[in-house]
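Okay, input03.tsv is below, TSV, C-alpha atoms and all ligand atoms:
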chain	number	residue	atom	x	y	z
A	299	MET	CA	63.75	-84.39	137.08
A	300	ASP	CA	61.21	-87.20	137.45
A	301	ASP	CA	58.53	-84.68	138.44
A	302	ALA	CA	59.25	-82.69	135.27
A	303	ASP	CA	59.39	-85.78	133.02
A	304	PRO	CA	56.50	-85.78	130.51
A	305	LEU	CA	56.92	-89.58	130.07
A	306	ALA	CA	56.94	-90.37	133.81
A	307	GLY	CA	53.42	-91.85	133.67
A	308	LEU	CA	54.46	-94.50	131.14
A	309	ARG	CA	56.16	-96.57	133.82
A	310	ASP	CA	52.71	-97.61	135.05
A	311	ARG	CA	52.20	-99.43	131.75
A	312	PHE	CA	55.00	-101.83	132.73
A	313	THR	CA	55.43	-104.51	135.36
A	314	LEU	CA	58.81	-104.18	137.03
A	315	PRO	CA	59.85	-105.91	140.27
A	316	ASP	CA	60.01	-103.55	143.26
A	317	GLY	CA	63.50	-102.33	144.02
A	318	LEU	CA	64.98	-103.54	140.73
A	319	ILE	CA	66.94	-101.06	138.61
A	320	TYR	CA	66.62	-102.51	135.14
A	321	LEU	CA	69.29	-101.17	132.79
A	322	ASP	CA	69.09	-103.97	130.25
A	323	GLY	CA	66.10	-102.97	128.13
A	324	ASN	CA	68.54	-102.84	125.21
A	325	SER	CA	68.79	-106.64	125.48
A	326	LEU	CA	65.37	-107.69	126.73
A	327	GLY	CA	62.73	-105.05	127.34
A	328	ALA	CA	60.56	-105.02	130.47
A	329	LEU	CA	57.16	-106.71	130.58
A	330	PRO	CA	54.30	-104.37	129.67
A	331	ALA	CA	51.33	-104.81	132.03
A	332	ALA	CA	48.93	-105.51	129.14
A	333	VAL	CA	50.79	-108.62	127.96
A	334	ALA	CA	50.03	-111.22	130.67
A	335	PRO	CA	46.21	-110.82	130.59
A	336	ARG	CA	46.23	-110.77	126.79
A	337	LEU	CA	48.33	-113.93	126.57
A	338	ALA	CA	46.18	-115.64	129.18
A	339	GLY	CA	43.16	-114.93	126.97
A	340	VAL	CA	44.94	-116.03	123.83
A	341	VAL	CA	46.07	-119.31	125.37
A	342	GLY	CA	42.96	-120.08	127.45
A	343	HIS	CA	40.24	-118.95	125.10
A	344	GLU	CA	41.49	-118.32	121.57
A	345	TRP	CA	43.75	-121.36	121.42
A	346	GLY	CA	42.23	-123.54	124.18
A	347	GLN	CA	38.56	-123.13	123.31
A	348	ARG	CA	38.31	-121.78	119.82
A	349	LEU	CA	41.29	-123.62	118.37
A	350	ILE	CA	41.81	-123.26	114.64
A	351	ARG	CA	38.75	-121.01	114.31
A	352	SER	CA	40.84	-118.24	115.90
A	353	TRP	CA	42.85	-117.69	112.73
A	354	ASN	CA	39.73	-115.98	111.37
A	355	GLU	CA	37.58	-115.24	114.43
A	356	ALA	CA	40.32	-113.71	116.56
A	357	ALA	CA	42.02	-112.10	113.56
A	358	TRP	CA	45.22	-114.05	114.07
A	359	PHE	CA	45.92	-114.14	110.36
A	360	THR	CA	46.02	-110.35	110.08
A	361	ALA	CA	48.07	-109.82	113.27
A	362	PRO	CA	51.42	-109.41	111.42
A	363	GLY	CA	50.01	-106.38	109.58
A	364	ARG	CA	48.71	-104.80	112.79
A	365	VAL	CA	52.02	-105.25	114.56
A	366	ALA	CA	53.85	-103.92	111.49
A	367	ALA	CA	51.76	-100.74	111.63
A	368	ALA	CA	52.72	-100.15	115.27
A	369	VAL	CA	56.42	-100.69	114.50
A	370	ALA	CA	56.27	-98.53	111.36
A	371	ARG	CA	55.10	-95.50	113.35
A	372	LEU	CA	58.16	-95.75	115.57
A	373	ILE	CA	60.69	-95.88	112.72
A	374	GLY	CA	59.19	-93.32	110.35
A	375	ALA	CA	57.91	-95.79	107.76
A	376	ASP	CA	54.43	-96.56	106.44
A	377	ALA	CA	52.58	-99.62	107.67
A	378	ASP	CA	52.76	-101.25	104.24
A	379	GLU	CA	56.54	-100.90	104.16
A	380	VAL	CA	57.12	-103.06	107.26
A	381	ALA	CA	56.83	-106.83	107.67
A	382	VAL	CA	56.92	-108.42	111.12
A	383	ALA	CA	58.16	-111.99	110.91
A	384	ASP	CA	61.01	-114.32	111.83
A	385	SER	CA	64.08	-113.16	113.76
A	386	THR	CA	66.28	-110.18	112.96
A	387	SER	CA	68.95	-112.58	111.69
A	388	VAL	CA	66.55	-114.23	109.23
A	389	ASN	CA	65.13	-110.87	108.13
A	390	LEU	CA	68.62	-109.56	107.52
A	391	PHE	CA	69.36	-112.57	105.32
A	392	LYS	CA	66.19	-112.03	103.28
A	393	ILE	CA	66.81	-108.30	102.94
A	394	LEU	CA	70.49	-108.58	101.98
A	395	ILE	CA	69.79	-111.14	99.27
A	396	ALA	CA	66.78	-109.13	98.07
A	397	GLY	CA	68.85	-105.91	98.14
A	398	ALA	CA	71.65	-107.54	96.12
A	399	ARG	CA	69.08	-108.64	93.54
A	400	MET	CA	67.92	-105.01	93.24
A	401	ARG	CA	71.43	-104.01	92.12
A	402	PRO	CA	72.45	-106.58	89.50
A	403	GLY	CA	75.88	-106.08	87.97
A	404	ARG	CA	77.37	-104.61	91.12
A	405	GLY	CA	79.84	-106.68	93.11
A	406	THR	CA	80.33	-105.34	96.64
A	407	LEU	CA	78.59	-105.42	100.02
A	408	ILE	CA	80.04	-103.00	102.60
A	409	MET	CA	79.65	-103.77	106.30
A	410	HIS	CA	81.14	-102.66	109.62
A	411	ALA	CA	83.61	-105.28	110.88
A	412	GLY	CA	82.64	-104.53	114.51
A	413	ASP	CA	78.91	-104.82	113.90
A	414	PHE	CA	76.77	-107.21	115.93
A	415	PRO	CA	78.11	-110.72	115.17
A	416	THR	CA	74.90	-112.03	113.60
A	417	ASP	CA	75.03	-109.17	111.08
A	418	VAL	CA	78.61	-110.05	110.17
A	419	TYR	CA	77.90	-113.80	109.91
A	420	ILE	CA	74.69	-113.40	107.93
A	421	GLY	CA	76.32	-110.72	105.77
A	422	SER	CA	79.20	-113.07	104.94
A	423	SER	CA	76.85	-115.85	103.92
A	424	ALA	CA	74.52	-113.55	101.96
A	425	ALA	CA	77.49	-112.04	100.12
A	426	GLU	CA	78.77	-115.49	99.17
A	427	LEU	CA	75.36	-116.68	97.98
A	428	ALA	CA	74.70	-113.48	96.05
A	429	GLY	CA	78.17	-113.50	94.50
A	430	LEU	CA	79.23	-110.26	96.20
A	431	ARG	CA	82.62	-109.38	97.61
A	432	LEU	CA	82.27	-108.40	101.27
A	433	ARG	CA	84.29	-105.35	102.16
A	434	PHE	CA	84.60	-104.49	105.85
A	435	VAL	CA	85.16	-101.00	107.19
A	436	ASP	CA	86.48	-100.49	110.73
A	437	SER	CA	83.80	-97.96	111.61
A	438	PRO	CA	80.61	-96.65	110.00
A	439	ALA	CA	82.39	-93.30	109.56
A	440	GLN	CA	84.66	-94.97	106.99
A	441	ALA	CA	81.71	-96.18	104.90
A	442	PRO	CA	81.20	-93.10	102.66
A	443	ALA	CA	84.81	-93.22	101.45
A	444	ALA	CA	84.55	-96.96	100.76
A	445	ILE	CA	81.43	-96.66	98.58
A	446	ASP	CA	81.97	-96.66	94.83
A	447	ASP	CA	80.08	-97.57	91.67
A	448	ASP	CA	80.66	-101.27	92.29
A	449	THR	CA	78.83	-101.07	95.63
A	450	ALA	CA	75.50	-102.87	95.59
A	451	LEU	CA	74.67	-102.53	99.26
A	452	VAL	CA	75.86	-101.02	102.52
A	453	ALA	CA	74.52	-102.77	105.64
A	454	MET	CA	75.16	-101.62	109.17
A	455	SER	CA	73.66	-100.95	112.56
A	456	HIS	CA	72.42	-97.48	113.47
A	457	VAL	CA	73.67	-97.93	117.06
A	458	ASP	CA	76.98	-99.62	117.85
A	459	PHE	CA	75.99	-102.44	120.22
A	460	ARG	CA	79.21	-102.10	122.20
A	461	THR	CA	79.57	-98.35	122.70
A	462	GLY	CA	76.16	-96.96	121.78
A	463	GLU	CA	77.76	-94.70	119.15
A	464	LEU	CA	75.39	-93.66	116.35
A	465	ALA	CA	76.27	-94.08	112.70
A	466	ASP	CA	75.73	-90.99	110.56
A	467	VAL	CA	72.67	-92.32	108.74
A	468	THR	CA	72.26	-89.27	106.52
A	469	ALA	CA	75.88	-89.12	105.34
A	470	ILE	CA	76.08	-92.86	104.67
A	471	THR	CA	72.71	-93.02	102.91
A	472	GLU	CA	73.57	-89.99	100.75
A	473	ALA	CA	76.96	-91.42	99.82
A	474	ALA	CA	75.35	-94.74	98.89
A	475	HIS	CA	72.58	-93.14	96.86
A	476	SER	CA	74.89	-90.86	94.95
A	477	ALA	CA	76.87	-93.96	93.90
A	478	GLY	CA	73.65	-95.80	92.99
A	479	ALA	CA	73.88	-98.23	95.96
A	480	LEU	CA	71.30	-99.17	98.58
A	481	VAL	CA	71.60	-99.13	102.38
A	482	CYS	CA	70.16	-101.52	104.95
A	483	TRP	CA	70.01	-100.27	108.56
A	484	ASP	CA	69.79	-102.59	111.57
A	485	LEU	CA	67.56	-100.66	113.96
A	486	SER	CA	67.57	-103.22	116.77
A	487	HIS	CA	68.88	-100.67	119.28
A	488	SER	CA	66.94	-97.72	117.88
A	489	ALA	CA	63.21	-98.46	117.58
A	490	GLY	CA	61.37	-97.57	120.78
A	491	ALA	CA	64.22	-95.46	122.16
A	492	LEU	CA	65.38	-93.15	119.35
A	493	ASP	CA	63.69	-91.11	116.65
A	494	LEU	CA	65.34	-92.25	113.43
A	495	ASP	CA	62.84	-91.37	110.70
A	496	LEU	CA	63.38	-93.71	107.74
A	497	HIS	CA	61.34	-91.57	105.35
A	498	ALA	CA	63.21	-88.40	106.29
A	499	VAL	CA	66.55	-90.04	105.46
A	500	ALA	CA	65.19	-91.71	102.29
A	501	ALA	CA	66.17	-95.12	103.68
A	502	ASP	CA	65.91	-98.14	101.41
A	503	LEU	CA	65.91	-101.15	103.70
A	504	ALA	CA	65.98	-101.87	107.43
A	505	VAL	CA	65.64	-104.68	109.94
A	506	GLY	CA	65.34	-104.80	113.72
A	507	CYS	CA	64.48	-106.70	116.89
A	508	GLY	CA	61.13	-106.87	118.65
A	509	TYR	CA	62.37	-107.75	122.12
A	510	LYS	CA	64.56	-104.78	123.04
A	511	TYR	CA	62.99	-101.31	123.34
A	512	LEU	CA	59.79	-102.62	121.70
A	513	ASN	CA	59.38	-104.94	124.71
A	514	GLY	CA	57.91	-107.80	122.69
A	515	GLY	CA	59.29	-110.49	125.02
A	516	PRO	CA	62.09	-113.06	124.74
A	517	GLY	CA	62.52	-114.13	121.11
A	518	ALA	CA	59.75	-111.80	119.87
A	519	PRO	CA	59.52	-111.57	116.07
A	520	GLY	CA	61.77	-109.12	114.27
A	521	TYR	CA	60.84	-106.79	111.44
A	522	ALA	CA	62.01	-105.76	108.00
A	523	MET	CA	61.33	-102.48	106.21
A	524	VAL	CA	61.46	-102.02	102.43
A	525	ALA	CA	60.76	-98.54	101.04
A	526	ARG	CA	57.74	-98.60	98.74
A	527	ARG	CA	59.80	-97.54	95.71
A	528	HIS	CA	61.63	-100.91	95.92
A	529	HIS	CA	58.55	-103.15	96.22
A	530	ASP	CA	58.32	-104.03	92.55
A	531	ALA	CA	61.90	-105.30	92.59
A	532	LEU	CA	61.53	-107.16	95.90
A	533	ILE	CA	62.33	-110.87	95.55
A	534	THR	CA	62.61	-112.87	98.74
A	535	PRO	CA	65.07	-115.77	98.90
A	536	LEU	CA	62.61	-117.57	101.24
A	537	PRO	CA	59.39	-117.71	99.24
A	538	GLY	CA	57.19	-119.57	101.69
A	539	TRP	CA	53.47	-120.14	101.42
A	540	ILE	CA	52.50	-117.40	103.89
A	541	GLY	CA	54.16	-114.87	101.60
A	542	HIS	CA	52.20	-116.17	98.61
A	543	ALA	CA	49.59	-113.91	97.02
A	544	ASP	CA	46.92	-116.50	97.84
A	545	PRO	CA	48.20	-119.09	100.34
A	546	PHE	CA	45.01	-121.13	100.39
A	547	ALA	CA	44.91	-121.50	96.64
A	548	MET	CA	47.54	-124.15	97.41
A	549	SER	CA	49.04	-123.47	94.02
A	550	PRO	CA	52.12	-125.43	92.97
A	551	ARG	CA	53.54	-122.16	91.64
A	552	TYR	CA	54.77	-119.34	93.85
A	553	ALA	CA	53.29	-115.89	93.25
A	554	PRO	CA	54.45	-113.19	95.66
A	555	ALA	CA	51.98	-111.37	97.88
A	556	ALA	CA	51.75	-107.61	97.37
A	557	GLY	CA	54.62	-105.51	98.74
A	558	VAL	CA	56.39	-106.52	101.94
A	559	ALA	CA	53.78	-109.19	102.75
A	560	ARG	CA	55.88	-111.48	100.52
A	561	LEU	CA	58.63	-111.38	103.15
A	562	ALA	CA	56.57	-113.70	105.35
A	563	ALA	CA	57.88	-117.23	104.87
A	564	GLY	CA	56.10	-119.61	107.22
A	565	THR	CA	53.31	-119.51	109.81
A	566	PRO	CA	53.81	-116.61	112.23
A	567	PRO	CA	54.68	-117.47	115.87
A	568	MET	CA	51.24	-116.40	117.06
A	569	LEU	CA	51.83	-116.33	120.82
A	570	SER	CA	54.93	-114.15	120.45
A	571	LEU	CA	53.28	-111.99	117.85
A	572	LEU	CA	50.18	-111.31	119.94
A	573	ALA	CA	52.37	-110.63	122.98
A	574	MET	CA	54.23	-108.09	120.86
A	575	GLU	CA	50.99	-106.53	119.70
A	576	SER	CA	50.02	-105.85	123.28
A	577	SER	CA	53.53	-104.81	124.28
A	578	LEU	CA	53.53	-102.14	121.58
A	579	SER	CA	50.34	-100.68	123.03
A	580	ALA	CA	52.53	-99.54	125.96
A	581	LEU	CA	54.02	-96.99	123.53
A	582	ASP	CA	50.66	-95.81	122.16
A	583	GLY	CA	50.48	-92.04	121.96
A	584	VAL	CA	54.22	-91.65	122.63
A	585	SER	CA	56.30	-89.98	119.94
A	586	PRO	CA	59.74	-91.26	118.94
A	587	GLN	CA	61.02	-87.72	119.54
A	588	ALA	CA	59.82	-87.80	123.17
A	589	LEU	CA	61.51	-91.19	123.66
A	590	ARG	CA	64.73	-89.88	122.15
A	591	THR	CA	64.71	-86.74	124.28
A	592	LYS	CA	64.26	-88.70	127.47
A	593	ALA	CA	66.86	-91.32	126.50
A	594	ALA	CA	69.37	-88.52	125.90
A	595	ALA	CA	68.55	-86.95	129.28
A	596	LEU	CA	68.86	-90.28	131.13
A	597	THR	CA	72.17	-91.22	129.53
A	598	SER	CA	73.57	-87.70	129.99
A	599	TYR	CA	72.64	-87.79	133.66
A	600	PHE	CA	74.35	-91.18	134.05
A	601	VAL	CA	77.55	-89.90	132.39
A	602	GLU	CA	77.45	-86.76	134.54
A	603	LEU	CA	77.13	-88.79	137.77
A	604	VAL	CA	79.90	-91.23	136.79
A	605	ASP	CA	82.16	-88.30	135.92
A	606	ALA	CA	81.37	-86.69	139.27
A	607	LEU	CA	82.62	-89.68	141.27
A	608	PRO	CA	85.85	-88.76	143.03
A	609	ALA	CA	88.82	-90.24	141.17
A	610	ALA	CA	89.65	-92.48	144.13
A	611	ARG	CA	86.21	-94.12	143.96
A	612	ARG	CA	85.95	-94.27	140.19
A	613	GLY	CA	89.34	-95.95	139.90
A	614	GLU	CA	89.99	-97.12	136.35
A	615	LEU	CA	86.32	-96.87	135.30
A	616	THR	CA	85.93	-94.82	132.11
A	617	VAL	CA	83.00	-93.85	129.87
A	618	ALA	CA	83.35	-95.74	126.57
A	619	SER	CA	80.32	-94.12	124.88
A	620	PRO	CA	80.32	-90.79	123.06
A	621	ARG	CA	79.82	-87.91	125.47
A	622	ASP	CA	77.75	-85.94	122.98
A	623	PRO	CA	74.15	-87.19	123.33
A	624	ALA	CA	73.58	-86.42	119.64
A	625	ARG	CA	76.12	-89.15	118.81
A	626	ARG	CA	74.86	-91.69	121.35
A	627	GLY	CA	71.98	-94.17	121.47
A	628	ALA	CA	70.04	-95.00	124.63
A	629	GLN	CA	72.97	-96.80	126.23
A	630	VAL	CA	76.17	-96.00	128.05
A	631	SER	CA	79.05	-98.45	128.27
A	632	LEU	CA	81.66	-98.19	130.98
A	633	ARG	CA	85.10	-99.66	130.44
A	634	HIS	CA	86.75	-101.49	133.35
A	635	GLU	CA	89.32	-104.26	133.50
A	636	GLN	CA	86.95	-106.24	135.72
A	637	ALA	CA	83.78	-105.25	133.90
A	638	TYR	CA	82.39	-108.79	134.13
A	639	GLY	CA	82.79	-108.90	137.92
A	640	LEU	CA	81.31	-105.41	138.14
A	641	VAL	CA	78.20	-106.41	136.17
A	642	ARG	CA	77.74	-109.60	138.23
A	643	ALA	CA	78.20	-107.74	141.53
A	644	LEU	CA	75.69	-105.11	140.40
A	645	ILE	CA	73.16	-107.80	139.47
A	646	GLU	CA	73.47	-109.16	143.03
A	647	ARG	CA	72.62	-105.63	144.20
A	648	GLU	CA	69.56	-105.53	141.91
A	649	VAL	CA	71.10	-103.28	139.28
A	650	ILE	CA	70.87	-105.16	135.99
A	651	GLY	CA	73.15	-104.30	133.10
A	652	ASP	CA	75.18	-106.63	130.91
A	653	PHE	CA	78.75	-107.40	129.96
A	654	ARG	CA	80.26	-107.26	126.50
A	655	THR	CA	83.64	-108.84	126.06
A	656	PRO	CA	86.38	-107.95	126.79
A	657	ASP	CA	85.91	-105.05	129.19
A	658	LEU	CA	82.56	-103.29	128.81
A	659	ALA	CA	79.80	-102.97	131.38
A	660	ARG	CA	76.81	-101.94	129.28
A	661	PHE	CA	73.78	-100.08	130.60
A	662	GLY	CA	70.63	-99.46	128.59
A	663	PHE	CA	68.29	-96.61	129.50
A	664	ALA	CA	64.85	-97.49	128.19
A	665	PRO	CA	63.05	-94.15	128.16
A	666	ALA	CA	59.60	-95.66	128.54
A	667	TYR	CA	60.04	-96.99	132.07
A	668	LEU	CA	63.19	-95.67	133.69
A	669	ARG	CA	63.28	-92.84	136.19
A	670	PHE	CA	66.05	-90.36	136.82
A	671	ALA	CA	66.05	-91.64	140.41
A	672	ASP	CA	67.03	-95.06	139.02
A	673	VAL	CA	70.07	-93.47	137.38
A	674	TRP	CA	71.09	-91.84	140.65
A	675	ASP	CA	70.65	-95.11	142.58
A	676	ALA	CA	72.53	-97.12	139.95
A	677	VAL	CA	75.59	-94.85	140.09
A	678	THR	CA	75.51	-94.87	143.91
A	679	ILE	CA	75.53	-98.68	143.86
A	680	ILE	CA	78.27	-98.82	141.20
A	681	ALA	CA	80.44	-96.63	143.43
A	682	ASP	CA	79.61	-98.82	146.46
A	683	VAL	CA	80.59	-101.99	144.61
A	684	LEU	CA	83.88	-100.47	143.47
A	685	ASP	CA	84.60	-99.19	147.02
A	686	GLY	CA	83.87	-102.56	148.62
A	687	GLY	CA	85.66	-104.63	145.94
A	688	ALA	CA	82.66	-106.94	145.36
A	689	HIS	CA	83.56	-106.99	141.65
A	690	ARG	CA	86.78	-108.84	142.52
A	691	ASP	CA	84.94	-111.78	144.09
A	692	PRO	CA	86.58	-115.00	142.78
A	693	ARG	CA	83.09	-116.39	142.01
A	694	PHE	CA	83.01	-114.03	139.05
A	695	ALA	CA	86.13	-115.59	137.52
A	696	VAL	CA	83.77	-118.06	135.80
A	697	ARG	CA	81.41	-116.58	133.22
A	698	ALA	CA	77.77	-117.62	132.95
A	699	GLY	CA	76.44	-118.89	129.59
A	700	VAL	CA	74.59	-115.64	128.85
A	701	THR	CA	76.46	-112.51	129.83
B	801	LIG	C1	72.16	-105.10	116.32
B	801	LIG	C2	71.58	-106.47	116.49
B	801	LIG	N1	71.20	-107.16	115.40
B	801	LIG	C3	70.69	-108.40	115.51
B	801	LIG	C4	70.56	-109.00	116.74
B	801	LIG	C5	70.11	-110.45	116.85
B	801	LIG	O1	68.85	-110.66	116.49
B	801	LIG	P1	68.15	-112.10	116.58
B	801	LIG	O2	68.90	-112.93	117.59
B	801	LIG	O3	66.79	-111.76	117.09
B	801	LIG	O4	68.16	-112.67	115.23
B	801	LIG	C6	70.90	-108.32	117.89
B	801	LIG	C7	70.71	-108.96	119.21
B	801	LIG	O5	71.05	-108.47	120.24
B	801	LIG	C8	71.44	-107.02	117.76
B	801	LIG	O6	71.83	-106.35	118.85
Mind converting the file's structure to structure tokens?
Amino acid sequence: MDDADPLAGLRDRFTLPDGLIYLDGNSLGALPAAVAPRLAGVVGHEWGQRLIRSWNEAAWFTAPGRVAAAVARLIGADADEVAVADSTSVNLFKILIAGARMRPGRGTLIMHAGDFPTDVYIGSSAAELAGLRLRFVDSPAQAPAAIDDDTALVAMSHVDFRTGELADVTAITEAAHSAGALVCWDLSHSAGALDLDLHAVAADLAVGCGYKYLNGGPGAPGYAMVARRHHDALITPLPGWIGHADPFAMSPRYAPAAGVARLAAGTPPMLSLLAMESSLSALDGVSPQALRTKAAALTSYFVELVDALPAARRGELTVASPRDPARRGAQVSLRHEQAYGLVRALIEREVIGDFRTPDLARFGFAPAYLRFADVWDAVTIIADVLDGGAHRDPRFAVRAGVT
């Protein structure tokens, strides 16, 4: 399968420790080989030697636009519909308040109660500040029935962070549009691994992370997408000077920059942003469709191998993700009563996944750098750990700060 993989060569664009099976690219993507030399140059020369001149000379000031163009290609948007800035949480806040302002007179924000916690927290605050009632649905599938002519906005993640289940973007967007509402998608677990095409689904708004399948590095900037047809009505609740039409006019009055550029609030985190610019070059020439196809093949192979374990070895381990690859993102979660111990024991065996409370061992299959052989090895080691009982080690009774 690796020999037949058209993306096999991409792994060389990444730096991965020998012998490590990295199944956590859905939390923190691997380090692209181009990043370290670029950052060394940025720090040593552009910052160290050229100092403030680099904002112009090294084109720092225009870096957000370049990174936005690279992200836009991967989510089916145009470069001038995407802003790269801040964290996903902050972008979500800006977009939810802006979205609510685009639908005056409507009183409801609909969200998925089991969405990623930051989405729920930020959604609650944005709803309160915008004077909206927050209505939770128990699953994205319930959203279309909950939408009515009081709905201003629907905001949810494309991929369920626990199970990897995909929301039906088309059905939810159509239901929202036919009621006159807008939808905001959180694409944190989609961009760089799946092929959601925002134009094809007539999406309104979206946000997402830079450090997962986009490999931008820990705390990399996030992004926000606003469809061009909404630009005239776009009002950010954080009108900072970098989002001003002319920041160096130093005007006492705010005038928004054109389009999504107004979503920038303060000075961009230049080291992170330039790291992300080089990290995205690792996906140059790779289509979202090719990434999606390989992610589906990797996750299907993982499910197949777990299913093939003899019942006595598999014990109580079950697949918690949808079995149909069309309904699944680039991750597979396994349910086990001692999932935390299992994840910790696997990490000690150089198989890195993560744990999501209360009982999920979560494995991400980044299509850009994983091999089918890694999937085979990972399942062999999972079976070994379960056989030997390493997951029951009392050391794992205490949870680390980051799980
Ligand atoms: C779906 C989703 N949204 C938002 C976030 C958080 O984004 P940030 O911490 O960068 O604001 C995460 C982080 O894992 C996530 O999975």
Around ligand LIG 801 (chain B), at most 9 Å away and counting all atoms listed in the file, which residues are there? Put them as a ChimeraX atom specification, please.
/A:324-326,384-390,413-417,454-459,484-487,505-510,517-520
In terms of only C-alpha atoms, the residue from A:Ala573, A:Leu407, A:Ala443, A:Ala370 at minimal distance from Leu427 in chain A is A:Leu407
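Contact shell of Ser598 in chain A at 9 Å (all atoms listed in the file; same-chain neighbours under 4 positions omitted): Ala593, Ala594, Glu602, Leu603, Arg621, Asp622, Pro623 and Val630 of chain A.
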Under the rule that all atoms listed in the file are counted, which of A:Ala688, A:Ala547, A:Ala411, A:Ala504 is the nearest residue to Ala643 in chain A?
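The answer is A:Ala688, which sits nearest to Ala643 in chain A.
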List the neighbours of Val333 in chain A out to 8 Å using all atoms listed in the file; skip same-chain residues closer than 6 positions along the sequence, and give me the result as a ChimeraX atom specification.
/A:573-574,576-577
What does the distance between CA of Ile408 in chain A and CA of Lys392 in chain A come to in Å, to one decimal place?
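Straight-line distance from CA of Ile408 in chain A to CA of Lys392 in chain A works out to 16.5 Å.
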Compile the contact shell of Ala479 in chain A as a PyMOL selection string: residues with an atom at most 6 Å away, counting only C-alpha atoms, same-chain residues fewer than 6 positions apart removed.
chain A and resi 449-451
May I have the centre and edge lengths, in Å to one decimal, of an axis-aligned box around the listed atoms of range 594-613 of chain A with 3 Å added to every side, as JSON?
{"center_x": 79.1, "center_y": -91.3, "center_z": 135.0, "size_x": 27.1, "size_y": 15.3, "size_z": 24.2}
Place all heavy atoms on range 529-533 of chain A and deliver the coordinates as a PDB file, keeping the file's coordinate frame.
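Below is the file result.pdb, written as the result:
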ATOM      1  N   HIS A 529      59.412-101.959  96.118  1.00  0.00           N
ATOM      2  CA  HIS A 529      58.550-103.150  96.220  1.00  0.00           C
ATOM      3  C   HIS A 529      58.479-103.959  94.933  1.00  0.00           C
ATOM      4  O   HIS A 529      58.464-105.188  94.974  1.00  0.00           O
ATOM      5  CB  HIS A 529      57.132-102.747  96.667  1.00  0.00           C
ATOM      6  CG  HIS A 529      57.084-102.372  98.123  1.00  0.00           C
ATOM      7  ND1 HIS A 529      55.921-102.113  98.796  1.00  0.00           N
ATOM      8  CD2 HIS A 529      58.069-102.210  99.042  1.00  0.00           C
ATOM      9  CE1 HIS A 529      56.191-101.806 100.055  1.00  0.00           C
ATOM     10  NE2 HIS A 529      57.489-101.856 100.223  1.00  0.00           N
ATOM     11  N   ASP A 530      58.453-103.272  93.797  1.00  0.00           N
ATOM     12  CA  ASP A 530      58.320-104.030  92.550  1.00  0.00           C
ATOM     13  C   ASP A 530      59.518-104.947  92.314  1.00  0.00           C
ATOM     14  O   ASP A 530      59.401-105.996  91.685  1.00  0.00           O
ATOM     15  CB  ASP A 530      58.187-103.084  91.334  1.00  0.00           C
ATOM     16  CG  ASP A 530      56.815-102.430  91.321  1.00  0.00           C
ATOM     17  OD1 ASP A 530      55.932-102.893  92.074  1.00  0.00           O
ATOM     18  OD2 ASP A 530      56.643-101.434  90.576  1.00  0.00           O
ATOM     19  N   ALA A 531      60.670-104.524  92.831  1.00  0.00           N
ATOM     20  CA  ALA A 531      61.900-105.300  92.590  1.00  0.00           C
ATOM     21  C   ALA A 531      62.200-106.260  93.744  1.00  0.00           C
ATOM     22  O   ALA A 531      63.262-106.869  93.783  1.00  0.00           O
ATOM     23  CB  ALA A 531      63.070-104.333  92.414  1.00  0.00           C
ATOM     24  N   LEU A 532      61.259-106.360  94.695  1.00  0.00           N
ATOM     25  CA  LEU A 532      61.530-107.160  95.900  1.00  0.00           C
ATOM     26  C   LEU A 532      61.310-108.657  95.653  1.00  0.00           C
ATOM     27  O   LEU A 532      60.187-109.097  95.422  1.00  0.00           O
ATOM     28  CB  LEU A 532      60.618-106.659  97.040  1.00  0.00           C
ATOM     29  CG  LEU A 532      60.673-107.400  98.372  1.00  0.00           C
ATOM     30  CD1 LEU A 532      62.076-107.341  98.978  1.00  0.00           C
ATOM     31  CD2 LEU A 532      59.652-106.805  99.361  1.00  0.00           C
ATOM     32  N   ILE A 533      62.418-109.404  95.714  1.00  0.00           N
ATOM     33  CA  ILE A 533      62.330-110.870  95.550  1.00  0.00           C
ATOM     34  C   ILE A 533      62.919-111.512  96.792  1.00  0.00           C
ATOM     35  O   ILE A 533      64.095-111.333  97.102  1.00  0.00           O
ATOM     36  CB  ILE A 533      63.137-111.345  94.314  1.00  0.00           C
ATOM     37  CG1 ILE A 533      62.647-110.637  93.047  1.00  0.00           C
ATOM     38  CG2 ILE A 533      63.016-112.861  94.156  1.00  0.00           C
ATOM     39  CD1 ILE A 533      63.517-110.919  91.831  1.00  0.00           C
TER      40      ILE A 533
END
